[in-house]
$ cat final25.cif   # mmCIF, C-alpha atoms and all ligand atoms
data_my_file
#
loop_
_atom_site.group_PDB
_atom_site.id
_atom_site.type_symbol
_atom_site.label_atom_id
_atom_site.label_comp_id
_atom_site.auth_asym_id
_atom_site.auth_seq_id
_atom_site.Cartn_x
_atom_site.Cartn_y
_atom_site.Cartn_z
ATOM 1 C CA MET A 1387 0.000 0.000 0.000
ATOM 2 C CA THR A 1388 2.937 2.325 0.626
ATOM 3 C CA ALA A 1389 5.746 2.987 -1.774
ATOM 4 C CA LYS A 1390 8.488 3.902 0.700
ATOM 5 C CA LYS A 1391 9.180 1.536 3.518
ATOM 6 C CA ILE A 1392 9.848 2.619 7.056
ATOM 7 C CA ILE A 1393 10.889 1.133 10.375
ATOM 8 C CA VAL A 1394 8.129 0.836 12.976
ATOM 9 C CA ALA A 1395 9.382 0.428 16.554
ATOM 10 C CA ILE A 1396 6.822 -0.764 19.083
ATOM 11 C CA ASP A 1397 7.754 -0.763 22.743
ATOM 12 C CA GLY A 1398 5.708 -1.026 25.871
ATOM 13 C CA HIS A 1399 4.685 -2.882 28.966
ATOM 14 C CA SER A 1400 4.254 -6.638 29.066
ATOM 15 C CA SER A 1401 0.851 -8.128 28.225
ATOM 16 C CA CYS A 1402 -0.517 -5.058 26.514
ATOM 17 C CA GLY A 1403 -0.902 -6.681 23.102
ATOM 18 C CA LYS A 1404 2.285 -5.415 21.446
ATOM 19 C CA SER A 1405 3.009 -8.548 19.469
ATOM 20 C CA THR A 1406 -0.606 -8.996 18.330
ATOM 21 C CA MET A 1407 -0.634 -5.439 17.045
ATOM 22 C CA ALA A 1408 2.853 -5.623 15.541
ATOM 23 C CA LYS A 1409 1.998 -8.839 13.702
ATOM 24 C CA SER A 1410 -1.241 -7.509 12.228
ATOM 25 C CA LEU A 1411 0.465 -4.305 11.221
ATOM 26 C CA ALA A 1412 3.304 -6.142 9.469
ATOM 27 C CA GLN A 1413 0.820 -8.366 7.673
ATOM 28 C CA GLU A 1414 -1.257 -5.423 6.569
ATOM 29 C CA LEU A 1415 1.789 -3.545 5.267
ATOM 30 C CA GLY A 1416 3.641 -6.535 3.810
ATOM 31 C CA TYR A 1417 6.518 -5.810 6.221
ATOM 32 C CA VAL A 1418 8.777 -8.207 8.106
ATOM 33 C CA TYR A 1419 7.792 -8.750 11.737
ATOM 34 C CA ILE A 1420 10.462 -9.347 14.363
ATOM 35 C CA ASP A 1421 9.588 -10.259 17.926
ATOM 36 C CA SER A 1422 12.699 -9.131 19.802
ATOM 37 C CA GLY A 1423 11.508 -10.763 23.035
ATOM 38 C CA ALA A 1424 11.611 -14.115 21.216
ATOM 39 C CA MET A 1425 15.338 -13.575 20.630
ATOM 40 C CA TYR A 1426 16.049 -13.211 24.364
ATOM 41 C CA ARG A 1427 13.886 -16.273 24.890
ATOM 42 C CA VAL A 1428 15.966 -18.296 22.399
ATOM 43 C CA VAL A 1429 19.222 -17.432 24.187
ATOM 44 C CA THR A 1430 17.545 -18.462 27.459
ATOM 45 C CA LEU A 1431 16.392 -21.780 26.001
ATOM 46 C CA TYR A 1432 19.882 -22.483 24.654
ATOM 47 C CA ALA A 1433 21.436 -21.688 28.049
ATOM 48 C CA LEU A 1434 18.908 -23.913 29.843
ATOM 49 C CA ARG A 1435 19.593 -26.812 27.505
ATOM 50 C CA LYS A 1436 23.336 -26.465 28.074
ATOM 51 C CA GLY A 1437 22.816 -26.359 31.840
ATOM 52 C CA LEU A 1438 24.149 -22.812 32.057
ATOM 53 C CA ILE A 1439 21.389 -21.534 34.360
ATOM 54 C CA ASN A 1440 21.233 -22.863 37.879
ATOM 55 C CA ASN A 1441 18.537 -21.790 40.337
ATOM 56 C CA GLY A 1442 17.733 -18.816 38.171
ATOM 57 C CA LYS A 1443 21.371 -17.700 37.977
ATOM 58 C CA PRO A 1444 23.087 -17.791 34.604
ATOM 59 C CA ASP A 1445 26.785 -18.588 34.270
ATOM 60 C CA VAL A 1446 27.401 -15.252 32.586
ATOM 61 C CA GLU A 1447 30.867 -15.992 31.181
ATOM 62 C CA LYS A 1448 29.727 -19.291 29.632
ATOM 63 C CA VAL A 1449 26.555 -17.758 28.164
ATOM 64 C CA ILE A 1450 28.655 -15.019 26.562
ATOM 65 C CA GLY A 1451 31.060 -17.664 25.236
ATOM 66 C CA GLU A 1452 28.166 -19.478 23.520
ATOM 67 C CA LEU A 1453 26.679 -16.436 21.767
ATOM 68 C CA GLY A 1454 28.561 -17.189 18.548
ATOM 69 C CA ASN A 1455 26.873 -20.611 18.389
ATOM 70 C CA ILE A 1456 23.326 -19.269 18.577
ATOM 71 C CA ARG A 1457 21.735 -18.431 15.277
ATOM 72 C CA ILE A 1458 18.226 -17.003 15.493
ATOM 73 C CA THR A 1459 15.939 -16.792 12.487
ATOM 74 C CA PHE A 1460 12.248 -16.210 11.881
ATOM 75 C CA GLN A 1461 9.878 -17.531 9.280
ATOM 76 C CA TRP A 1462 6.334 -16.493 8.619
ATOM 77 C CA ASP A 1463 3.982 -19.482 8.643
ATOM 78 C CA GLU A 1464 1.128 -18.815 6.199
ATOM 79 C CA LYS A 1465 -0.852 -21.798 7.449
ATOM 80 C CA THR A 1466 -0.979 -20.836 11.111
ATOM 81 C CA GLY A 1467 -0.641 -17.084 10.559
ATOM 82 C CA ARG A 1468 2.189 -17.204 13.052
ATOM 83 C CA ASN A 1469 5.765 -16.113 13.076
ATOM 84 C CA THR A 1470 7.944 -19.117 13.804
ATOM 85 C CA THR A 1471 11.227 -18.777 15.684
ATOM 86 C CA PHE A 1472 14.216 -21.005 14.896
ATOM 87 C CA LEU A 1473 17.337 -21.776 16.907
ATOM 88 C CA ASN A 1474 20.047 -23.054 14.579
ATOM 89 C CA LYS A 1475 17.322 -24.092 12.108
ATOM 90 C CA GLU A 1476 15.283 -25.952 14.753
ATOM 91 C CA ASN A 1477 11.706 -24.759 15.270
ATOM 92 C CA VAL A 1478 11.570 -23.660 18.917
ATOM 93 C CA GLU A 1479 8.473 -21.466 18.749
ATOM 94 C CA ASP A 1480 6.492 -23.465 21.300
ATOM 95 C CA GLU A 1481 9.383 -24.227 23.590
ATOM 96 C CA ILE A 1482 10.411 -20.587 24.057
ATOM 97 C CA ARG A 1483 6.896 -19.729 25.305
ATOM 98 C CA GLN A 1484 7.029 -22.285 28.108
ATOM 99 C CA LEU A 1485 7.074 -21.278 31.743
ATOM 100 C CA GLU A 1486 10.667 -22.376 32.367
ATOM 101 C CA VAL A 1487 11.901 -19.991 29.692
ATOM 102 C CA SER A 1488 9.633 -17.152 30.902
ATOM 103 C CA GLN A 1489 10.959 -17.598 34.407
ATOM 104 C CA ASN A 1490 14.606 -17.421 33.354
ATOM 105 C CA VAL A 1491 14.590 -14.853 30.568
ATOM 106 C CA SER A 1492 14.887 -11.779 32.774
ATOM 107 C CA PRO A 1493 18.434 -12.414 34.069
ATOM 108 C CA ILE A 1494 19.571 -13.426 30.568
ATOM 109 C CA SER A 1495 18.188 -10.210 29.081
ATOM 110 C CA THR A 1496 20.175 -8.094 31.545
ATOM 111 C CA ILE A 1497 23.577 -9.430 30.384
ATOM 112 C CA ALA A 1498 25.135 -6.516 28.482
ATOM 113 C CA GLU A 1499 26.954 -8.737 25.938
ATOM 114 C CA VAL A 1500 23.753 -10.649 25.196
ATOM 115 C CA ARG A 1501 21.936 -7.371 24.563
ATOM 116 C CA HIS A 1502 24.788 -6.148 22.434
ATOM 117 C CA GLU A 1503 24.618 -9.221 20.189
ATOM 118 C CA MET A 1504 20.793 -9.167 19.976
ATOM 119 C CA VAL A 1505 20.808 -5.474 19.064
ATOM 120 C CA ARG A 1506 23.404 -6.160 16.365
ATOM 121 C CA GLN A 1507 21.200 -8.879 14.839
ATOM 122 C CA GLN A 1508 18.062 -6.732 15.173
ATOM 123 C CA ARG A 1509 19.724 -3.867 13.293
ATOM 124 C CA GLU A 1510 20.844 -6.317 10.622
ATOM 125 C CA ASN A 1511 17.177 -7.330 10.166
ATOM 126 C CA GLY A 1512 16.157 -3.701 9.787
ATOM 127 C CA LYS A 1513 18.755 -2.583 7.318
ATOM 128 C CA ASN A 1514 16.342 -2.726 4.362
ATOM 129 C CA LYS A 1515 13.521 -1.065 6.333
ATOM 130 C CA GLY A 1516 10.005 -2.429 5.834
ATOM 131 C CA ILE A 1517 10.082 -3.881 9.324
ATOM 132 C CA VAL A 1518 7.918 -3.866 12.439
ATOM 133 C CA MET A 1519 9.795 -4.798 15.599
ATOM 134 C CA ASP A 1520 8.386 -4.985 19.086
ATOM 135 C CA GLY A 1521 10.154 -5.098 22.434
ATOM 136 C CA ARG A 1522 11.321 -2.847 25.247
ATOM 137 C CA ASP A 1523 14.219 -0.874 23.759
ATOM 138 C CA ILE A 1524 13.462 -0.759 20.044
ATOM 139 C CA GLY A 1525 12.736 2.970 19.785
ATOM 140 C CA THR A 1526 15.357 3.963 22.349
ATOM 141 C CA VAL A 1527 18.355 1.724 21.561
ATOM 142 C CA VAL A 1528 17.883 -0.532 18.535
ATOM 143 C CA PHE A 1529 16.401 1.962 16.066
ATOM 144 C CA PRO A 1530 16.678 5.443 17.583
ATOM 145 C CA ASP A 1531 16.039 6.857 14.094
ATOM 146 C CA ALA A 1532 12.931 4.763 13.357
ATOM 147 C CA GLU A 1533 10.418 6.788 11.345
ATOM 148 C CA LEU A 1534 7.562 5.680 13.600
ATOM 149 C CA LYS A 1535 7.831 4.831 17.286
ATOM 150 C CA ILE A 1536 4.888 3.677 19.326
ATOM 151 C CA PHE A 1537 4.800 3.196 23.057
ATOM 152 C CA MET A 1538 1.955 0.880 23.990
ATOM 153 C CA THR A 1539 0.398 0.636 27.367
ATOM 154 C CA ALA A 1540 -2.792 -0.162 29.258
ATOM 155 C CA SER A 1541 -3.625 -0.054 32.949
ATOM 156 C CA PRO A 1542 -2.182 -2.952 35.017
ATOM 157 C CA GLU A 1543 -5.720 -4.056 35.954
ATOM 158 C CA ILE A 1544 -6.811 -4.287 32.342
ATOM 159 C CA ARG A 1545 -3.659 -6.152 31.302
ATOM 160 C CA ALA A 1546 -4.107 -8.578 34.199
ATOM 161 C CA GLN A 1547 -7.746 -9.094 33.249
ATOM 162 C CA ARG A 1548 -6.795 -9.913 29.633
ATOM 163 C CA ARG A 1549 -4.143 -12.365 30.788
ATOM 164 C CA TYR A 1550 -6.626 -13.888 33.234
ATOM 165 C CA ASP A 1551 -9.242 -14.373 30.493
ATOM 166 C CA GLU A 1552 -6.620 -15.896 28.171
ATOM 167 C CA LEU A 1553 -5.477 -18.445 30.759
ATOM 168 C CA LYS A 1554 -9.049 -19.239 31.836
ATOM 169 C CA GLU A 1555 -9.908 -19.910 28.236
ATOM 170 C CA LYS A 1556 -7.053 -22.432 28.146
ATOM 171 C CA GLY A 1557 -8.750 -24.154 31.094
ATOM 172 C CA LEU A 1558 -6.153 -23.115 33.673
ATOM 173 C CA ASP A 1559 -7.019 -22.465 37.285
ATOM 174 C CA VAL A 1560 -5.823 -18.917 37.886
ATOM 175 C CA ASP A 1561 -6.085 -16.244 40.520
ATOM 176 C CA PHE A 1562 -6.652 -12.662 39.361
ATOM 177 C CA LYS A 1563 -4.741 -11.077 42.261
ATOM 178 C CA GLU A 1564 -1.734 -13.321 41.564
ATOM 179 C CA ILE A 1565 -1.723 -12.252 37.914
ATOM 180 C CA LEU A 1566 -2.048 -8.576 38.782
ATOM 181 C CA LYS A 1567 0.909 -8.913 41.150
ATOM 182 C CA ASN A 1568 2.919 -10.561 38.362
ATOM 183 C CA VAL A 1569 2.052 -7.815 35.853
ATOM 184 C CA GLU A 1570 3.045 -5.080 38.313
ATOM 185 C CA GLY A 1571 6.210 -6.958 39.262
ATOM 186 C CA ARG A 1572 7.300 -7.298 35.634
ATOM 187 C CA ASP A 1573 6.621 -3.600 34.988
ATOM 188 C CA LYS A 1574 8.940 -2.765 37.847
ATOM 189 C CA ILE A 1575 11.740 -5.085 36.671
ATOM 190 C CA ASP A 1576 11.462 -3.917 33.057
ATOM 191 C CA SER A 1577 11.476 -0.219 33.949
ATOM 192 C CA THR A 1578 14.130 -0.193 36.640
ATOM 193 C CA ARG A 1579 16.798 -2.554 35.298
ATOM 194 C CA ALA A 1580 20.211 -0.986 34.749
ATOM 195 C CA VAL A 1581 20.670 -2.086 31.136
ATOM 196 C CA SER A 1582 18.270 -0.688 28.511
ATOM 197 C CA PRO A 1583 15.289 -0.182 30.819
ATOM 198 C CA LEU A 1584 11.848 0.138 29.324
ATOM 199 C CA LYS A 1585 11.137 3.797 28.767
ATOM 200 C CA LYS A 1586 9.253 5.833 26.249
ATOM 201 C CA ALA A 1587 11.459 7.380 23.582
ATOM 202 C CA LYS A 1588 11.020 11.158 23.537
ATOM 203 C CA ASP A 1589 9.547 11.050 20.046
ATOM 204 C CA ALA A 1590 7.317 7.983 20.553
ATOM 205 C CA LEU A 1591 3.547 8.237 20.244
ATOM 206 C CA VAL A 1592 1.685 6.792 23.201
ATOM 207 C CA LEU A 1593 -1.016 4.268 22.442
ATOM 208 C CA ASP A 1594 -3.023 3.537 25.569
ATOM 209 C CA ASN A 1595 -5.249 0.687 24.476
ATOM 210 C CA SER A 1596 -7.117 0.235 27.762
ATOM 211 C CA HIS A 1597 -10.376 0.991 26.003
ATOM 212 C CA LEU A 1598 -9.611 0.236 22.369
ATOM 213 C CA THR A 1599 -10.440 -2.815 20.284
ATOM 214 C CA ARG A 1600 -7.717 -4.526 18.231
ATOM 215 C CA GLU A 1601 -9.224 -3.103 15.101
ATOM 216 C CA GLU A 1602 -9.224 0.442 16.458
ATOM 217 C CA GLN A 1603 -5.563 0.129 17.448
ATOM 218 C CA LEU A 1604 -4.592 -1.238 14.071
ATOM 219 C CA ASN A 1605 -6.452 1.498 12.214
ATOM 220 C CA TRP A 1606 -4.890 4.192 14.377
ATOM 221 C CA THR A 1607 -1.409 2.787 13.712
ATOM 222 C CA LEU A 1608 -1.990 2.345 9.974
ATOM 223 C CA GLU A 1609 -2.985 6.014 9.847
ATOM 224 C CA LYS A 1610 0.287 6.983 11.543
ATOM 225 C CA VAL A 1611 2.293 4.830 9.104
ATOM 226 C CA LYS A 1612 0.523 6.555 6.246
ATOM 227 C CA GLU A 1613 1.331 9.990 7.653
ATOM 228 C CA ARG A 1614 5.012 9.104 8.126
ATOM 229 C CA THR A 1615 5.477 7.529 4.724
ATOM 230 C CA GLU A 1616 3.828 10.491 3.028
ATOM 231 C CA GLN A 1617 6.364 12.760 4.677
ATOM 232 C CA LEU A 1618 9.309 10.882 3.117
HETATM 233 O O1 LIG A 1701 8.085 -9.695 25.231
HETATM 234 P P1 LIG A 1701 8.503 -10.993 25.913
HETATM 235 O O2 LIG A 1701 7.762 -11.292 27.192
HETATM 236 O O3 LIG A 1701 8.520 -12.171 25.005
HETATM 237 O O4 LIG A 1701 10.017 -10.714 26.338
HETATM 238 C C1 LIG A 1701 10.780 -11.684 26.976
HETATM 239 C C2 LIG A 1701 11.801 -11.030 27.895
HETATM 240 O O5 LIG A 1701 12.794 -10.336 27.158
HETATM 241 C C3 LIG A 1701 11.240 -10.040 28.918
HETATM 242 O O6 LIG A 1701 11.821 -10.364 30.184
HETATM 243 C C4 LIG A 1701 11.739 -8.701 28.487
HETATM 244 C C5 LIG A 1701 12.947 -9.013 27.636
HETATM 245 N N1 LIG A 1701 13.089 -8.144 26.473
HETATM 246 C C6 LIG A 1701 14.067 -7.196 26.496
HETATM 247 O O7 LIG A 1701 14.784 -7.074 27.495
HETATM 248 N N2 LIG A 1701 14.270 -6.405 25.418
HETATM 249 C C7 LIG A 1701 13.497 -6.517 24.332
HETATM 250 N N3 LIG A 1701 13.714 -5.714 23.295
HETATM 251 C C8 LIG A 1701 12.461 -7.479 24.294
HETATM 252 C C9 LIG A 1701 12.274 -8.279 25.404
#
$ encode --input "final25.cif" --output "C-alpha cells" --more "lines below"
Ligand code: DC
Amino acid sequence: MTAKKIIVAIDGHSSCGKSTMAKSLAQELGYVYIDSGAMYRVVTLYALRKGLINNGKPDVEKVIGELGNIRITFQWDEKTGRNTTFLNKENVEDEIRQLEVSQNVSPISTIAEVRHEMVRQQRENGKNKGIVMDGRDIGTVVFPDAELKIFMTASPEIRAQRRYDELKEKGLDVDFKEILKNVEGRDKIDSTRAVSPLKKAKDALVLDNSHLTREEQLNWTLEKVKERTEQL
C-alpha cells in the first residue's frame, strides 16, 4: 500500500498486546515482523539446555562464550498465521513460550553482551527497512532513528484481566490477584533494570489501548504509518 518503507518500533509494557498489534500491522503492510523478546527467549532456552542456568542464575561468562553458536531466524507461517522462531534451524516457537523460559529470561536479558549481540542482529534485520519490531528498547536503543515509534500501554488491571481471560480460556485455574501482582512486578523489573530499561522514547507516540479494540488500534497505527510515509 505504501511505496516507501519505514521502520516501525513498538515498545511497551508486558501483556498489553504489542506482538498482536505488531503482527497484524506487518501483515497489513507486507513488512517483516520481528519479535525481539523471542530472541532473548531463544538465548535463554539455549542456556537452559546447556545447563548454564542454575537456580535462576546464569553462568554469565559461559553464556557469553556461547553467543557465537546461537543463530536465530524467523519464518512467517502462512498456514498458522504465526511467526515461527528457529534456533540453529530448529523450530523452537512453542518451547520458548514455556514457563521455564519465561521464568529465566529476565536475568539473561540483563547481560550486556547478550543485549549487544541481539541489538546487532536486530539492526541487521532492519537494514532494508520495511520492518515492524516490538520489544522494550526498540525505539530507544535498537532503532533510535525509526520513522515511527509507538509506546503501547494499558492499565495494570486491564492487562491482568486480559491475561486472566486468556489463561481461563485455556482451562487453567488462575487467581486474578496473583496475575495482577505478576504484571506489576514485571513492569517494575522492566522499567528499573540498569541495562536498557523500558522507557518511552522522547519522540514515541503513546497508544493507551485500555479501552480500544484490536481493530481500532490497528487502524490508528496504519494512519500513523501513512502519515510518516507520506512525509518521506
Ligand atoms: O516480550 P517478551 O515477554 O517475550 O520478552 C521476553 C523477555 O525479554 C522479557 O523479560 C523482556 C525481555 N526483552 C528485552 O529485554 N528487550 C526486548 N527488546 C524485548 C524483550
$ residues_around --input "final25.cif" --residues "Glu1601 in chain A" --least-positions-apart "5" --cutoff "12 Å" --atoms "all atoms listed in the file" --output "PyMOL selection string"
chain A and resi 1406-1407+1410-1411+1414+1595+1606-1608
$ residues_near_point --input "final25.cif" --point "(-1.7, -8.0, 36.7)" --cutoff "10 Å" --atoms "all atoms listed in the file" --output "number ranges by chain"
A: 1400-1401, 1541-1550, 1562-1573
$ residues_near_ligand --input "final25.cif" --ligand "ligand LIG 1701 (chain A)" --cutoff "10 Å" --atoms "all atoms listed in the file" --output "PyMOL selection string"
chain A and resi 1396-1405+1421-1428+1430+1482-1483+1487-1497+1500-1501+1504-1505+1508+1519-1528+1572-1573+1575-1577+1579+1581-1584
$ residues_around --input "final25.cif" --residues "Lys1436 in chain A" --least-positions-apart "3" --cutoff "12 Å" --atoms "only C-alpha atoms" --output "JSON, numbers by chain"
{"A": [1429, 1430, 1431, 1432, 1433, 1439, 1440, 1444, 1445, 1448, 1449, 1452, 1455, 1456]}
$ resolve_selection --input "final25.cif" --expression "the PyMOL selection byres (((chain A and resi 1469) around 9) and not hetatm)" --output "VMD selection string"
chain A and resid 1409 1419 to 1421 1460 to 1464 1466 to 1468 1470 to 1471 1479
$ atom_distance --input "final25.cif" --atom1 "CA of Arg1509 in chain A" --atom2 "CA of Ile1393 in chain A"
10.6 Å
$ atom_distance --input "final25.cif" --atom1 "CA of Arg1614 in chain A" --atom2 "CA of Ile1392 in chain A"
8.2 Å
$ atom_distance --input "final25.cif" --atom1 "CA of Phe1529 in chain A" --atom2 "CA of Ala1395 in chain A"
7.2 Å
$ residues_around --input "final25.cif" --residues "Val1611 in chain A" --least-positions-apart "3" --cutoff "12 Å" --atoms "all atoms listed in the file" --output "ChimeraX atom specification"
/A:1387-1395,1411-1412,1414-1415,1417,1516-1518,1532-1536,1591,1604-1608,1614-1618
$ residues_near_point --input "final25.cif" --point "(23.3, -25.0, 12.1)" --cutoff "10 Å" --atoms "only C-alpha atoms" --output "PyMOL selection string"
chain A and resi 1455-1457+1473-1476
$ axis_aligned_box --input "final25.cif" --around "range 1494-1498 of chain A" --padding-each-side "5 Å" --output "JSON"
{"center_x": 21.7, "center_y": -10.0, "center_z": 30.0, "size_x": 16.9, "size_y": 16.9, "size_z": 13.1}
$ decode --input "final25.cif" --residues "range 1501-1523 of chain A" --atoms "N, CA, C and O atoms" --output "compact mmCIF listing (two decimals), in the first residue's frame"
# COMPACT_ATOMS: atom_id res chain seq x y z
N ARG A 1501 22.70 -8.47 25.19
CA ARG A 1501 21.94 -7.37 24.56
C ARG A 1501 22.68 -6.83 23.35
O ARG A 1501 22.09 -6.54 22.32
N HIS A 1502 23.98 -6.70 23.51
CA HIS A 1502 24.79 -6.15 22.43
C HIS A 1502 24.64 -6.99 21.17
O HIS A 1502 24.41 -6.49 20.07
N GLU A 1503 24.72 -8.31 21.34
CA GLU A 1503 24.62 -9.22 20.19
C GLU A 1503 23.19 -9.22 19.61
O GLU A 1503 23.01 -9.23 18.39
N MET A 1504 22.18 -9.18 20.48
CA MET A 1504 20.79 -9.17 19.98
C MET A 1504 20.54 -7.88 19.20
O MET A 1504 19.94 -7.90 18.13
N VAL A 1505 21.02 -6.77 19.73
CA VAL A 1505 20.81 -5.47 19.06
C VAL A 1505 21.51 -5.48 17.70
O VAL A 1505 20.94 -5.01 16.71
N ARG A 1506 22.69 -6.08 17.65
CA ARG A 1506 23.40 -6.16 16.37
C ARG A 1506 22.56 -6.92 15.34
O ARG A 1506 22.35 -6.48 14.21
N GLN A 1507 22.01 -8.07 15.76
CA GLN A 1507 21.20 -8.88 14.84
C GLN A 1507 19.89 -8.16 14.47
O GLN A 1507 19.42 -8.25 13.35
N GLN A 1508 19.32 -7.45 15.44
CA GLN A 1508 18.06 -6.73 15.17
C GLN A 1508 18.29 -5.63 14.14
O GLN A 1508 17.50 -5.45 13.22
N ARG A 1509 19.43 -4.94 14.27
CA ARG A 1509 19.72 -3.87 13.29
C ARG A 1509 19.96 -4.46 11.91
O ARG A 1509 19.57 -3.88 10.90
N GLU A 1510 20.59 -5.61 11.88
CA GLU A 1510 20.84 -6.32 10.62
C GLU A 1510 19.49 -6.58 9.92
O GLU A 1510 19.33 -6.37 8.74
N ASN A 1511 18.50 -7.04 10.71
CA ASN A 1511 17.18 -7.33 10.17
C ASN A 1511 16.49 -6.08 9.62
O ASN A 1511 15.61 -6.17 8.77
N GLY A 1512 16.86 -4.92 10.17
CA GLY A 1512 16.16 -3.70 9.79
C GLY A 1512 16.86 -2.90 8.71
O GLY A 1512 16.39 -1.83 8.33
N LYS A 1513 17.97 -3.44 8.21
CA LYS A 1513 18.75 -2.58 7.32
C LYS A 1513 18.05 -2.25 6.00
O LYS A 1513 18.36 -1.22 5.40
N ASN A 1514 17.08 -3.06 5.58
CA ASN A 1514 16.34 -2.73 4.36
C ASN A 1514 15.00 -2.06 4.65
O ASN A 1514 14.15 -1.95 3.76
N LYS A 1515 14.80 -1.66 5.88
CA LYS A 1515 13.52 -1.07 6.33
C LYS A 1515 12.36 -2.04 6.08
O LYS A 1515 12.58 -3.23 5.93
N GLY A 1516 11.13 -1.51 6.04
CA GLY A 1516 10.01 -2.43 5.83
C GLY A 1516 9.91 -3.44 6.96
O GLY A 1516 9.73 -4.64 6.74
N ILE A 1517 10.06 -2.96 8.19
CA ILE A 1517 10.08 -3.88 9.32
C ILE A 1517 9.26 -3.32 10.49
O ILE A 1517 9.25 -2.11 10.71
N VAL A 1518 8.59 -4.22 11.19
CA VAL A 1518 7.92 -3.87 12.44
C VAL A 1518 8.60 -4.70 13.51
O VAL A 1518 8.66 -5.93 13.39
N MET A 1519 9.14 -4.05 14.52
CA MET A 1519 9.79 -4.80 15.60
C MET A 1519 9.21 -4.38 16.93
O MET A 1519 9.01 -3.20 17.17
N ASP A 1520 8.90 -5.35 17.77
CA ASP A 1520 8.39 -4.99 19.09
C ASP A 1520 9.30 -5.48 20.19
O ASP A 1520 10.06 -6.43 20.01
N GLY A 1521 9.29 -4.74 21.31
CA GLY A 1521 10.15 -5.10 22.43
C GLY A 1521 10.09 -4.07 23.54
O GLY A 1521 9.02 -3.54 23.85
N ARG A 1522 11.27 -3.81 24.14
CA ARG A 1522 11.32 -2.85 25.25
C ARG A 1522 12.24 -1.66 24.93
O ARG A 1522 12.10 -0.60 25.50
N ASP A 1523 13.20 -1.90 24.01
CA ASP A 1523 14.22 -0.87 23.76
C ASP A 1523 14.36 -0.59 22.27
O ASP A 1523 15.41 -0.15 21.81
